[in-house]
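Visitor: Pasting input-v8.tsv here (TSV, N, CA and C atoms):
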chain	number	residue	atom	x	y	z
G	1493	MET	N	-12.81	76.38	19.68
G	1493	MET	CA	-12.52	76.67	18.33
G	1493	MET	C	-13.57	76.03	17.42
G	1494	LEU	N	-13.87	74.72	17.59
G	1494	LEU	CA	-14.88	74.06	16.79
G	1494	LEU	C	-16.26	74.59	17.14
G	1495	THR	N	-16.47	75.02	18.33
G	1495	THR	CA	-17.77	75.53	18.76
G	1495	THR	C	-18.06	76.90	18.14
G	1496	GLU	N	-17.03	77.62	17.74
G	1496	GLU	CA	-17.22	78.94	17.16
G	1496	GLU	C	-17.35	78.89	15.65
G	1497	THR	N	-17.04	77.80	15.03
G	1497	THR	CA	-17.08	77.67	13.59
G	1497	THR	C	-18.53	77.52	13.15
G	1498	GLU	N	-18.85	78.19	12.04
G	1498	GLU	CA	-20.21	78.14	11.52
G	1498	GLU	C	-20.12	77.94	10.02
G	1499	LEU	N	-21.06	77.11	9.49
G	1499	LEU	CA	-21.06	76.78	8.07
G	1499	LEU	C	-22.48	76.99	7.55
G	1500	ASN	N	-22.61	77.68	6.41
G	1500	ASN	CA	-23.91	77.95	5.83
G	1500	ASN	C	-24.03	77.14	4.55
G	1501	ILE	N	-24.95	76.09	4.54
G	1501	ILE	CA	-25.11	75.23	3.37
G	1501	ILE	C	-26.59	75.28	2.99
G	1502	GLY	N	-26.87	75.80	1.80
G	1502	GLY	CA	-28.24	75.85	1.29
G	1502	GLY	C	-29.19	76.54	2.25
G	1503	GLY	N	-28.78	77.53	2.89
G	1503	GLY	CA	-29.64	78.27	3.80
G	1503	GLY	C	-29.68	77.67	5.19
G	1504	THR	N	-29.01	76.57	5.43
G	1504	THR	CA	-28.98	75.94	6.74
G	1504	THR	C	-27.64	76.27	7.37
G	1505	LYS	N	-27.70	76.73	8.60
G	1505	LYS	CA	-26.47	77.07	9.31
G	1505	LYS	C	-26.11	75.91	10.22
G	1506	LEU	N	-24.87	75.43	10.07
G	1506	LEU	CA	-24.37	74.35	10.92
G	1506	LEU	C	-23.25	74.91	11.78
G	1507	LYS	N	-23.31	74.58	13.06
G	1507	LYS	CA	-22.32	75.10	13.99
G	1507	LYS	C	-21.61	73.96	14.70
G	1508	GLY	N	-20.37	74.16	15.00
G	1508	GLY	CA	-19.57	73.33	15.88
G	1508	GLY	C	-19.57	71.83	15.58
G	1509	VAL	N	-20.12	71.09	16.54
G	1509	VAL	CA	-20.08	69.63	16.50
G	1509	VAL	C	-20.88	69.10	15.32
G	1510	TRP	N	-21.92	69.79	14.91
G	1510	TRP	CA	-22.74	69.33	13.78
G	1510	TRP	C	-21.93	69.27	12.50
G	1511	ILE	N	-20.98	70.10	12.34
G	1511	ILE	CA	-20.11	70.04	11.16
G	1511	ILE	C	-19.33	68.73	11.17
G	1512	ALA	N	-18.79	68.36	12.32
G	1512	ALA	CA	-18.02	67.11	12.44
G	1512	ALA	C	-18.92	65.91	12.16
G	1513	ILE	N	-20.15	65.95	12.67
G	1513	ILE	CA	-21.08	64.83	12.44
G	1513	ILE	C	-21.43	64.72	10.97
G	1514	VAL	N	-21.72	65.86	10.31
G	1514	VAL	CA	-22.06	65.84	8.88
G	1514	VAL	C	-20.88	65.35	8.06
G	1515	LEU	N	-19.66	65.79	8.40
G	1515	LEU	CA	-18.47	65.33	7.67
G	1515	LEU	C	-18.25	63.82	7.87
G	1516	THR	N	-18.47	63.33	9.06
G	1516	THR	CA	-18.30	61.90	9.34
G	1516	THR	C	-19.29	61.08	8.54
G	1517	ILE	N	-20.56	61.51	8.55
G	1517	ILE	CA	-21.59	60.79	7.79
G	1517	ILE	C	-21.29	60.86	6.30
G	1518	GLY	N	-20.87	62.02	5.82
G	1518	GLY	CA	-20.57	62.19	4.40
G	1518	GLY	C	-19.42	61.32	3.94
G	1519	THR	N	-18.34	61.25	4.72
G	1519	THR	CA	-17.20	60.41	4.34
G	1519	THR	C	-17.56	58.93	4.41
G	1520	SER	N	-18.40	58.55	5.36
G	1520	SER	CA	-18.84	57.15	5.45
G	1520	SER	C	-19.66	56.77	4.22
G	1521	ILE	N	-20.57	57.66	3.83
G	1521	ILE	CA	-21.38	57.39	2.63
G	1521	ILE	C	-20.49	57.32	1.39
G	1522	GLY	N	-19.54	58.22	1.30
G	1522	GLY	CA	-18.61	58.21	0.15
G	1522	GLY	C	-17.79	56.93	0.11
G	1523	GLY	N	-17.30	56.49	1.25
G	1523	GLY	CA	-16.52	55.24	1.30
G	1523	GLY	C	-17.35	54.04	0.91
G	1524	THR	N	-18.62	54.04	1.34
G	1524	THR	CA	-19.51	52.93	1.00
G	1524	THR	C	-19.77	52.90	-0.50
G	1525	VAL	N	-20.00	54.06	-1.10
G	1525	VAL	CA	-20.23	54.14	-2.54
G	1525	VAL	C	-18.99	53.69	-3.30
G	1526	TRP	N	-17.83	54.12	-2.85
G	1526	TRP	CA	-16.58	53.74	-3.53
G	1526	TRP	C	-16.38	52.22	-3.45
G	1527	THR	N	-16.59	51.61	-2.26
G	1527	THR	CA	-16.44	50.17	-2.07
G	1527	THR	C	-17.42	49.40	-2.94
G	1528	ALA	N	-18.67	49.86	-3.00
G	1528	ALA	CA	-19.68	49.19	-3.83
G	1528	ALA	C	-19.30	49.28	-5.30
G	1529	SER	N	-18.78	50.42	-5.72
G	1529	SER	CA	-18.36	50.60	-7.11
G	1529	SER	C	-17.20	49.66	-7.43
G	1530	SER	N	-16.26	49.55	-6.52
G	1530	SER	CA	-15.11	48.66	-6.73
G	1530	SER	C	-15.57	47.20	-6.80
G	1531	LEU	N	-16.46	46.82	-5.93
G	1531	LEU	CA	-16.97	45.45	-5.93
G	1531	LEU	C	-17.73	45.15	-7.22
G	1532	TYR	N	-18.54	46.13	-7.66
G	1532	TYR	CA	-19.31	45.95	-8.89
G	1532	TYR	C	-18.38	45.79	-10.10
G	1533	SER	N	-17.30	46.56	-10.15
G	1533	SER	CA	-16.37	46.45	-11.28
G	1533	SER	C	-15.65	45.10	-11.26
G	1534	ARG	N	-15.35	44.59	-10.07
G	1534	ARG	CA	-14.73	43.26	-9.98
G	1534	ARG	C	-15.69	42.17	-10.46
G	1535	LEU	N	-16.96	42.29	-10.06
G	1535	LEU	CA	-17.96	41.31	-10.50
G	1535	LEU	C	-18.13	41.34	-12.01
G	1536	GLU	N	-18.13	42.53	-12.60
G	1536	GLU	CA	-18.22	42.63	-14.05
G	1536	GLU	C	-17.03	41.97	-14.73
G	1537	ALA	N	-15.84	42.15	-14.14
G	1537	ALA	CA	-14.64	41.55	-14.72
G	1537	ALA	C	-14.72	40.03	-14.67
G	1538	VAL	N	-15.26	39.48	-13.58
G	1538	VAL	CA	-15.40	38.03	-13.46
G	1538	VAL	C	-16.43	37.52	-14.45
G	1539	GLU	N	-17.54	38.25	-14.61
G	1539	GLU	CA	-18.59	37.81	-15.53
G	1539	GLU	C	-18.14	37.86	-16.97
G	1540	ASN	N	-17.30	38.81	-17.31
G	1540	ASN	CA	-16.85	38.97	-18.70
G	1540	ASN	C	-15.67	38.09	-19.06
G	1541	ARG	N	-15.12	37.38	-18.08
G	1541	ARG	CA	-13.99	36.50	-18.33
G	1541	ARG	C	-14.44	35.32	-19.19
G	1542	PRO	N	-13.66	34.95	-20.21
G	1542	PRO	CA	-14.06	33.82	-21.05
G	1542	PRO	C	-13.94	32.49	-20.29
G	1543	ILE	N	-14.81	31.55	-20.62
G	1543	ILE	CA	-14.78	30.22	-19.99
G	1543	ILE	C	-13.62	29.44	-20.60
G	1544	PRO	N	-12.74	28.87	-19.77
G	1544	PRO	CA	-11.59	28.14	-20.32
G	1544	PRO	C	-12.03	26.87	-21.04
G	1545	ASP	N	-11.22	26.47	-22.00
G	1545	ASP	CA	-11.49	25.25	-22.76
G	1545	ASP	C	-11.15	24.04	-21.89
G	1546	THR	N	-12.11	23.16	-21.67
G	1546	THR	CA	-11.91	22.00	-20.80
G	1546	THR	C	-11.63	20.73	-21.58
G	1547	THR	N	-11.47	20.83	-22.88
G	1547	THR	CA	-11.23	19.64	-23.71
G	1547	THR	C	-9.97	18.91	-23.27
G	1548	GLU	N	-8.92	19.67	-23.04
G	1548	GLU	CA	-7.65	19.04	-22.64
G	1548	GLU	C	-7.79	18.33	-21.29
G	1549	MET	N	-8.50	18.98	-20.35
G	1549	MET	CA	-8.70	18.35	-19.05
G	1549	MET	C	-9.55	17.09	-19.18
G	1550	GLN	N	-10.54	17.13	-20.07
G	1550	GLN	CA	-11.38	15.94	-20.28
G	1550	GLN	C	-10.55	14.79	-20.84
G	1551	GLU	N	-9.66	15.11	-21.79
G	1551	GLU	CA	-8.79	14.07	-22.35
G	1551	GLU	C	-7.88	13.48	-21.27
G	1552	GLN	N	-7.37	14.34	-20.41
G	1552	GLN	CA	-6.52	13.86	-19.32
G	1552	GLN	C	-7.31	12.99	-18.36
G	1553	LEU	N	-8.56	13.36	-18.10
G	1553	LEU	CA	-9.40	12.54	-17.21
G	1553	LEU	C	-9.70	11.19	-17.84
G	1554	VAL	N	-9.93	11.16	-19.15
G	1554	VAL	CA	-10.17	9.89	-19.84
G	1554	VAL	C	-8.92	9.01	-19.74
G	1555	ALA	N	-7.76	9.61	-19.97
G	1555	ALA	CA	-6.50	8.85	-19.87
G	1555	ALA	C	-6.30	8.35	-18.45
G	1556	LEU	N	-6.60	9.18	-17.48
G	1556	LEU	CA	-6.46	8.79	-16.08
G	1556	LEU	C	-7.40	7.64	-15.76
G	1557	GLY	N	-8.64	7.70	-16.28
G	1557	GLY	CA	-9.60	6.62	-16.06
G	1557	GLY	C	-9.12	5.31	-16.63
G	1558	SER	N	-8.56	5.34	-17.85
G	1558	SER	CA	-8.07	4.09	-18.45
G	1558	SER	C	-6.85	3.58	-17.68
G	1559	ASN	N	-6.02	4.50	-17.19
G	1559	ASN	CA	-4.87	4.07	-16.37
G	1559	ASN	C	-5.35	3.40	-15.09
G	1560	LEU	N	-6.39	3.95	-14.48
G	1560	LEU	CA	-6.92	3.35	-13.26
G	1560	LEU	C	-7.49	1.96	-13.54
G	1561	GLU	N	-8.16	1.79	-14.66
G	1561	GLU	CA	-8.69	0.47	-15.02
G	1561	GLU	C	-7.54	-0.52	-15.20
G	1562	THR	N	-6.49	-0.09	-15.87
G	1562	THR	CA	-5.32	-0.96	-16.05
G	1562	THR	C	-4.71	-1.34	-14.71
G	1563	ILE	N	-4.61	-0.37	-13.82
G	1563	ILE	CA	-4.06	-0.64	-12.49
G	1563	ILE	C	-4.92	-1.65	-11.75
G	1564	MET	N	-6.23	-1.52	-11.84
G	1564	MET	CA	-7.14	-2.45	-11.17
G	1564	MET	C	-6.96	-3.87	-11.73
G	1565	GLU	N	-6.82	-3.99	-13.06
G	1565	GLU	CA	-6.61	-5.31	-13.66
G	1565	GLU	C	-5.30	-5.91	-13.17
G	1566	ARG	N	-4.25	-5.11	-13.13
G	1566	ARG	CA	-2.95	-5.60	-12.68
G	1566	ARG	C	-3.02	-6.00	-11.20
G	1567	GLN	N	-3.78	-5.26	-10.42
G	1567	GLN	CA	-3.92	-5.59	-9.01
G	1567	GLN	C	-4.61	-6.95	-8.85
G	1568	LYS	N	-5.62	-7.22	-9.68
G	1568	LYS	CA	-6.28	-8.53	-9.63
G	1568	LYS	C	-5.28	-9.63	-9.98
G	1569	GLU	N	-4.45	-9.38	-10.99
G	1569	GLU	CA	-3.43	-10.37	-11.36
G	1569	GLU	C	-2.45	-10.59	-10.21
G	1570	LEU	N	-2.06	-9.51	-9.55
G	1570	LEU	CA	-1.13	-9.64	-8.42
G	1570	LEU	C	-1.75	-10.43	-7.27
G	1571	ILE	N	-3.04	-10.22	-7.04
G	1571	ILE	CA	-3.71	-10.97	-5.98
G	1571	ILE	C	-3.72	-12.46	-6.34
G	1572	SER	N	-3.99	-12.76	-7.62
G	1572	SER	CA	-3.98	-14.14	-8.07
G	1572	SER	C	-2.58	-14.75	-7.91
G	1573	LEU	N	-1.55	-13.99	-8.28
G	1573	LEU	CA	-0.17	-14.48	-8.12
G	1573	LEU	C	0.16	-14.69	-6.64
G	1574	GLN	N	-0.32	-13.81	-5.80
G	1574	GLN	CA	-0.06	-13.95	-4.37
G	1574	GLN	C	-0.68	-15.24	-3.84
G	1575	GLU	N	-1.90	-15.54	-4.30
G	1575	GLU	CA	-2.54	-16.79	-3.87
G	1575	GLU	C	-1.74	-17.99	-4.35
G	1576	ARG	N	-1.22	-17.92	-5.58
G	1576	ARG	CA	-0.39	-19.02	-6.09
G	1576	ARG	C	0.88	-19.18	-5.26
G	1577	VAL	N	1.49	-18.06	-4.90
G	1577	VAL	CA	2.72	-18.12	-4.10
G	1577	VAL	C	2.43	-18.77	-2.75
G	1578	VAL	N	1.29	-18.45	-2.15
G	1578	VAL	CA	0.94	-19.05	-0.86
G	1578	VAL	C	0.77	-20.56	-1.03
G	1579	GLU	N	0.13	-21.00	-2.13
G	1579	GLU	CA	-0.04	-22.43	-2.38
G	1579	GLU	C	1.32	-23.11	-2.57
G	1580	VAL	N	2.20	-22.46	-3.32
G	1580	VAL	CA	3.53	-23.04	-3.56
G	1580	VAL	C	4.31	-23.12	-2.24
G	1581	GLU	N	4.19	-22.11	-1.39
G	1581	GLU	CA	4.88	-22.15	-0.10
G	1581	GLU	C	4.38	-23.32	0.74
G	1582	LYS	N	3.08	-23.58	0.69
G	1582	LYS	CA	2.53	-24.73	1.42
G	1582	LYS	C	3.11	-26.02	0.87
G	1583	LEU	N	3.16	-26.13	-0.48
G	1583	LEU	CA	3.71	-27.34	-1.09
G	1583	LEU	C	5.17	-27.53	-0.72
G	1584	VAL	N	5.93	-26.46	-0.72
G	1584	VAL	CA	7.36	-26.55	-0.38
G	1584	VAL	C	7.52	-27.01	1.06
G	1585	THR	N	6.69	-26.48	1.94
G	1585	THR	CA	6.75	-26.89	3.34
G	1585	THR	C	6.43	-28.37	3.48
G	1586	GLU	N	5.39	-28.83	2.77
G	1586	GLU	CA	5.05	-30.24	2.80
G	1586	GLU	C	6.19	-31.10	2.26
G	1587	MET	N	6.82	-30.63	1.17
G	1587	MET	CA	7.94	-31.38	0.59
G	1587	MET	C	9.11	-31.44	1.56
G	1588	GLN	N	9.37	-30.34	2.27
G	1588	GLN	CA	10.46	-30.34	3.24
G	1588	GLN	C	10.21	-31.37	4.33
G	1589	VAL	N	8.95	-31.45	4.77
G	1589	VAL	CA	8.61	-32.44	5.80
G	1589	VAL	C	8.82	-33.84	5.25
G	1590	THR	N	8.39	-34.07	3.99
G	1590	THR	CA	8.56	-35.39	3.36
G	1590	THR	C	10.04	-35.74	3.22
G	1591	VAL	N	10.85	-34.77	2.82
G	1591	VAL	CA	12.29	-35.01	2.67
G	1591	VAL	C	12.91	-35.35	4.02
G	1592	GLU	N	12.52	-34.63	5.06
G	1592	GLU	CA	13.04	-34.93	6.39
G	1592	GLU	C	12.66	-36.34	6.82
G	1593	LYS	N	11.42	-36.73	6.55
G	1593	LYS	CA	10.99	-38.08	6.88
G	1593	LYS	C	11.79	-39.11	6.09
G	1594	ALA	N	12.04	-38.80	4.80
G	1594	ALA	CA	12.82	-39.72	3.97
G	1594	ALA	C	14.25	-39.84	4.50
G	1595	LYS	N	14.83	-38.73	4.95
G	1595	LYS	CA	16.18	-38.78	5.52
G	1595	LYS	C	16.20	-39.66	6.76
G	1596	LEU	N	15.21	-39.48	7.61
G	1596	LEU	CA	15.13	-40.30	8.82
G	1596	LEU	C	14.96	-41.78	8.45
G	1597	ALA	N	14.10	-42.04	7.45
G	1597	ALA	CA	13.89	-43.41	7.02
G	1597	ALA	C	15.17	-44.00	6.44
G	1598	THR	N	15.91	-43.18	5.68
G	1598	THR	CA	17.18	-43.65	5.11
G	1598	THR	C	18.17	-43.95	6.22
G	1599	GLU	N	18.26	-43.07	7.21
G	1599	GLU	CA	19.17	-43.31	8.33
G	1599	GLU	C	18.77	-44.57	9.08
G	1600	ASN	N	17.47	-44.74	9.32
G	1600	ASN	CA	16.99	-45.95	9.99
G	1600	ASN	C	17.26	-47.18	9.14
G	1601	SER	N	17.06	-47.05	7.83
G	1601	SER	CA	17.31	-48.19	6.95
G	1601	SER	C	18.79	-48.54	6.92
G	1602	ASP	N	19.67	-47.51	6.99
G	1602	ASP	CA	21.11	-47.78	7.05
G	1602	ASP	C	21.46	-48.51	8.34
G	1603	LYS	N	20.84	-48.09	9.44
G	1603	LYS	CA	21.08	-48.77	10.72
G	1603	LYS	C	20.59	-50.21	10.65
G	1604	ILE	N	19.39	-50.38	10.08
G	1604	ILE	CA	18.83	-51.74	9.97
G	1604	ILE	C	19.71	-52.58	9.06
G	1605	GLN	N	20.18	-51.99	7.96
G	1605	GLN	CA	21.04	-52.74	7.04
G	1605	GLN	C	22.33	-53.15	7.74
G	1606	GLY	N	22.88	-52.24	8.54
G	1606	GLY	CA	24.09	-52.57	9.30
G	1606	GLY	C	23.83	-53.73	10.26
G	1607	ARG	N	22.69	-53.73	10.92
G	1607	ARG	CA	22.36	-54.82	11.84
G	1607	ARG	C	22.16	-56.12	11.07
G	1608	LEU	N	21.49	-56.01	9.91
G	1608	LEU	CA	21.28	-57.23	9.09
G	1608	LEU	C	22.61	-57.79	8.62
G	1609	ASP	N	23.53	-56.91	8.23
G	1609	ASP	CA	24.85	-57.38	7.81
G	1609	ASP	C	25.56	-58.09	8.96
G	1610	LYS	N	25.45	-57.52	10.15
G	1610	LYS	CA	26.07	-58.12	11.32
G	1610	LYS	C	25.45	-59.49	11.60
G	1611	ILE	N	24.09	-59.56	11.49
G	1611	ILE	CA	23.41	-60.84	11.72
G	1611	ILE	C	23.84	-61.85	10.67
G	1612	ASP	N	23.96	-61.40	9.40
G	1612	ASP	CA	24.43	-62.31	8.33
G	1612	ASP	C	25.82	-62.86	8.65
G	1613	LYS	N	26.72	-62.02	9.14
G	1613	LYS	CA	28.06	-62.48	9.49
G	1613	LYS	C	28.01	-63.50	10.62
G	1614	GLU	N	27.17	-63.19	11.62
G	1614	GLU	CA	27.06	-64.10	12.75
G	1614	GLU	C	26.47	-65.44	12.31
G	1615	VAL	N	25.46	-65.38	11.42
G	1615	VAL	CA	24.87	-66.64	10.92
G	1615	VAL	C	25.91	-67.41	10.12
G	1616	ASP	N	26.67	-66.72	9.28
G	1616	ASP	CA	27.73	-67.38	8.52
G	1616	ASP	C	28.76	-68.00	9.45
G	1617	SER	N	29.11	-67.25	10.50
G	1617	SER	CA	30.07	-67.79	11.47
G	1617	SER	C	29.51	-69.01	12.17
G	1618	LEU	N	28.22	-68.96	12.51
G	1618	LEU	CA	27.59	-70.11	13.15
G	1618	LEU	C	27.59	-71.32	12.21
G	1619	TRP	N	27.28	-71.10	10.94
G	1619	TRP	CA	27.28	-72.21	9.98
G	1619	TRP	C	28.71	-72.77	9.83
G	1620	GLN	N	29.63	-71.87	9.77
G	1620	GLN	CA	31.01	-72.35	9.66
G	1620	GLN	C	31.40	-73.17	10.90
G	1621	GLY	N	30.94	-72.67	12.06
G	1621	GLY	CA	31.22	-73.41	13.30
G	1621	GLY	C	30.54	-74.76	13.30
G	1622	MET	N	29.32	-74.83	12.80
G	1622	MET	CA	28.61	-76.10	12.75
G	1622	MET	C	29.27	-77.04	11.75
G	1623	ASP	N	29.70	-76.49	10.61
G	1623	ASP	CA	30.42	-77.30	9.63
G	1623	ASP	C	31.71	-77.86	10.23
G	1624	PHE	N	32.39	-77.02	10.96
G	1624	PHE	CA	33.63	-77.46	11.59
G	1624	PHE	C	33.35	-78.55	12.62
G	1625	LEU	N	32.26	-78.35	13.39
G	1625	LEU	CA	31.92	-79.37	14.39
G	1625	LEU	C	31.49	-80.67	13.73
G	1626	ALA	N	30.83	-80.58	12.59
G	1626	ALA	CA	30.38	-81.79	11.90
G	1626	ALA	C	31.57	-82.52	11.28
G	1627	ASN	N	32.54	-81.84	10.84
G	1627	ASN	CA	33.69	-82.45	10.19
G	1627	ASN	C	34.94	-81.69	10.62
G	1628	PRO	N	35.48	-82.00	11.79
G	1628	PRO	CA	36.57	-81.22	12.32
G	1628	PRO	C	37.86	-81.39	11.51
G	1629	TYR	N	38.08	-82.45	10.78
G	1629	TYR	CA	39.34	-82.69	10.08
G	1629	TYR	C	39.32	-82.26	8.65
G	1630	ARG	N	38.25	-81.72	8.22
G	1630	ARG	CA	38.07	-81.38	6.83
G	1630	ARG	C	38.99	-80.25	6.40
G	1631	GLY	N	39.11	-79.23	7.13
G	1631	GLY	CA	39.88	-78.08	6.71
G	1631	GLY	C	41.35	-78.26	6.88
G	1632	GLU	N	41.82	-79.28	7.64
G	1632	GLU	CA	43.24	-79.39	7.91
G	1632	GLU	C	43.86	-80.50	7.20
As structure tokens, please, write out the structure in this file.
Guide:
Amino acid sequence: MLTETELNIGGTKLKGVWIAIVLTIGTSIGGTVWTASSLYSRLEAVENRPIPDTTEMQEQLVALGSNLETIMERQKELISLQERVVEVEKLVTEMQVTVEKAKLATENSDKIQGRLDKIDKEVDSLWQGMDFLANPYRGE
């Protein structure tokens, strides 16, 4: 059927398969032209688009920059406070050790005081015994 078909274009006779080839090439060229035209119109639309106003974004960036500076200053202050806290923790630890030593010293001093009191009683008893031996009839 396609082999029997004949087409006369500008004095040129095309038969069968050549018609299919010419139609294929023609539609490909047409599709390429249409795609190029579409792409060109999109590029024109992009080029003709107005440039947005960046003033507001610049103001926001300036505000963000000042906020970042403030954050950096606060971070330095926090680092300084952290160093102070570490120093205070060391002092507290040292004080706890000193208090524990003082408690031990107080307990030892209480024990020593108890022994001294006992020795004082024994010495007093000895003196009383010596007084009694020196003058046995004195108290009676």
Visitor: Do you know which residues are at most 8 Å from Glu1496 in chain G counting all atoms listed in the file, after dropping those on the same chain fewer than 6 positions away, and could you put them as a list in words?
Guide: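 Returned residues: Lys1507, Gly1508 and Val1509 of chain G.
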Visitor: State, in Å with one decimal place, the distance from atom N of Lys1610 in chain G to atom N of Val1591 in chain G.
Guide: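 Separation of atom N of Lys1610 in chain G and atom N of Val1591 in chain G: 28.0 Å.
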Visitor: DSSP on the backbone: what in chain G comes out helix (DSSP H, G or I), as an NGL selection string?
Guide: :G and (1509-1540 or 1547-1626)
Visitor: DSSP on the backbone, then: every residue of chain G marked strand (DSSP E or B), written as a ChimeraX atom specification.
Guide: /G:1498-1501,1504-1507
Visitor: For CA of Val1578 in chain G and CA of Glu1565 in chain G, determine how far apart the two atoms are, in Å to one decimal place.
Guide: 20.2 Å
Visitor: What is the CA of Asn1627 in chain G to CA of Lys1613 in chain G distance in Å?
Guide: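 Distance reported for this atom pair: 20.8 Å.
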Visitor: Extending 4 Å beyond the listed atoms of range 1561-1576 of chain G on each side, what axis-aligned box results? I want centre and edge lengths in Å to one decimal, as lines of an AutoDock Vina configuration file.
Guide:
center_x = -3.9
center_y = -8.7
center_z = -9.9
size_x = 17.6
size_y = 29.0
size_z = 20.2
Visitor: Write range 1584-1600 of chain G as a short mmCIF file (atom, residue, chain, number, x, y, z; two decimals), in the frame of the given file, completed to N, CA, C and O atoms.
Guide:
data_model
loop_
_atom_site.label_atom_id
_atom_site.label_comp_id
_atom_site.auth_asym_id
_atom_site.auth_seq_id
_atom_site.Cartn_x
_atom_site.Cartn_y
_atom_site.Cartn_z
N VAL G 1584 5.93 -26.46 -0.72
CA VAL G 1584 7.36 -26.55 -0.38
C VAL G 1584 7.52 -27.01 1.06
O VAL G 1584 8.37 -27.86 1.37
N THR G 1585 6.69 -26.48 1.94
CA THR G 1585 6.75 -26.89 3.34
C THR G 1585 6.43 -28.37 3.48
O THR G 1585 7.12 -29.11 4.20
N GLU G 1586 5.39 -28.83 2.77
CA GLU G 1586 5.05 -30.24 2.80
C GLU G 1586 6.19 -31.10 2.26
O GLU G 1586 6.49 -32.17 2.80
N MET G 1587 6.82 -30.63 1.17
CA MET G 1587 7.94 -31.38 0.59
C MET G 1587 9.11 -31.44 1.56
O MET G 1587 9.79 -32.47 1.65
N GLN G 1588 9.37 -30.34 2.27
CA GLN G 1588 10.46 -30.34 3.24
C GLN G 1588 10.21 -31.37 4.33
O GLN G 1588 11.13 -32.08 4.75
N VAL G 1589 8.95 -31.45 4.77
CA VAL G 1589 8.61 -32.44 5.80
C VAL G 1589 8.82 -33.84 5.25
O VAL G 1589 9.39 -34.71 5.92
N THR G 1590 8.39 -34.07 3.99
CA THR G 1590 8.56 -35.39 3.36
C THR G 1590 10.04 -35.74 3.22
O THR G 1590 10.44 -36.88 3.49
N VAL G 1591 10.85 -34.77 2.82
CA VAL G 1591 12.29 -35.01 2.67
C VAL G 1591 12.91 -35.35 4.02
O VAL G 1591 13.74 -36.27 4.12
N GLU G 1592 12.52 -34.63 5.06
CA GLU G 1592 13.04 -34.93 6.39
C GLU G 1592 12.66 -36.34 6.82
O GLU G 1592 13.48 -37.08 7.38
N LYS G 1593 11.42 -36.73 6.55
CA LYS G 1593 10.99 -38.08 6.88
C LYS G 1593 11.79 -39.11 6.09
O LYS G 1593 12.19 -40.15 6.63
N ALA G 1594 12.04 -38.80 4.80
CA ALA G 1594 12.82 -39.72 3.97
C ALA G 1594 14.25 -39.84 4.50
O ALA G 1594 14.83 -40.93 4.50
N LYS G 1595 14.83 -38.73 4.95
CA LYS G 1595 16.18 -38.78 5.52
C LYS G 1595 16.20 -39.66 6.76
O LYS G 1595 17.11 -40.48 6.94
N LEU G 1596 15.21 -39.48 7.61
CA LEU G 1596 15.13 -40.30 8.82
C LEU G 1596 14.96 -41.78 8.45
O LEU G 1596 15.59 -42.66 9.04
N ALA G 1597 14.10 -42.04 7.45
CA ALA G 1597 13.89 -43.41 7.02
C ALA G 1597 15.17 -44.00 6.44
O ALA G 1597 15.51 -45.16 6.69
N THR G 1598 15.91 -43.18 5.68
CA THR G 1598 17.18 -43.65 5.11
C THR G 1598 18.17 -43.95 6.22
O THR G 1598 18.87 -44.97 6.19
N GLU G 1599 18.26 -43.07 7.21
CA GLU G 1599 19.17 -43.31 8.33
C GLU G 1599 18.77 -44.57 9.08
O GLU G 1599 19.63 -45.39 9.43
N ASN G 1600 17.47 -44.74 9.32
CA ASN G 1600 16.99 -45.95 9.99
C ASN G 1600 17.26 -47.18 9.14
O ASN G 1600 17.66 -48.23 9.65
#
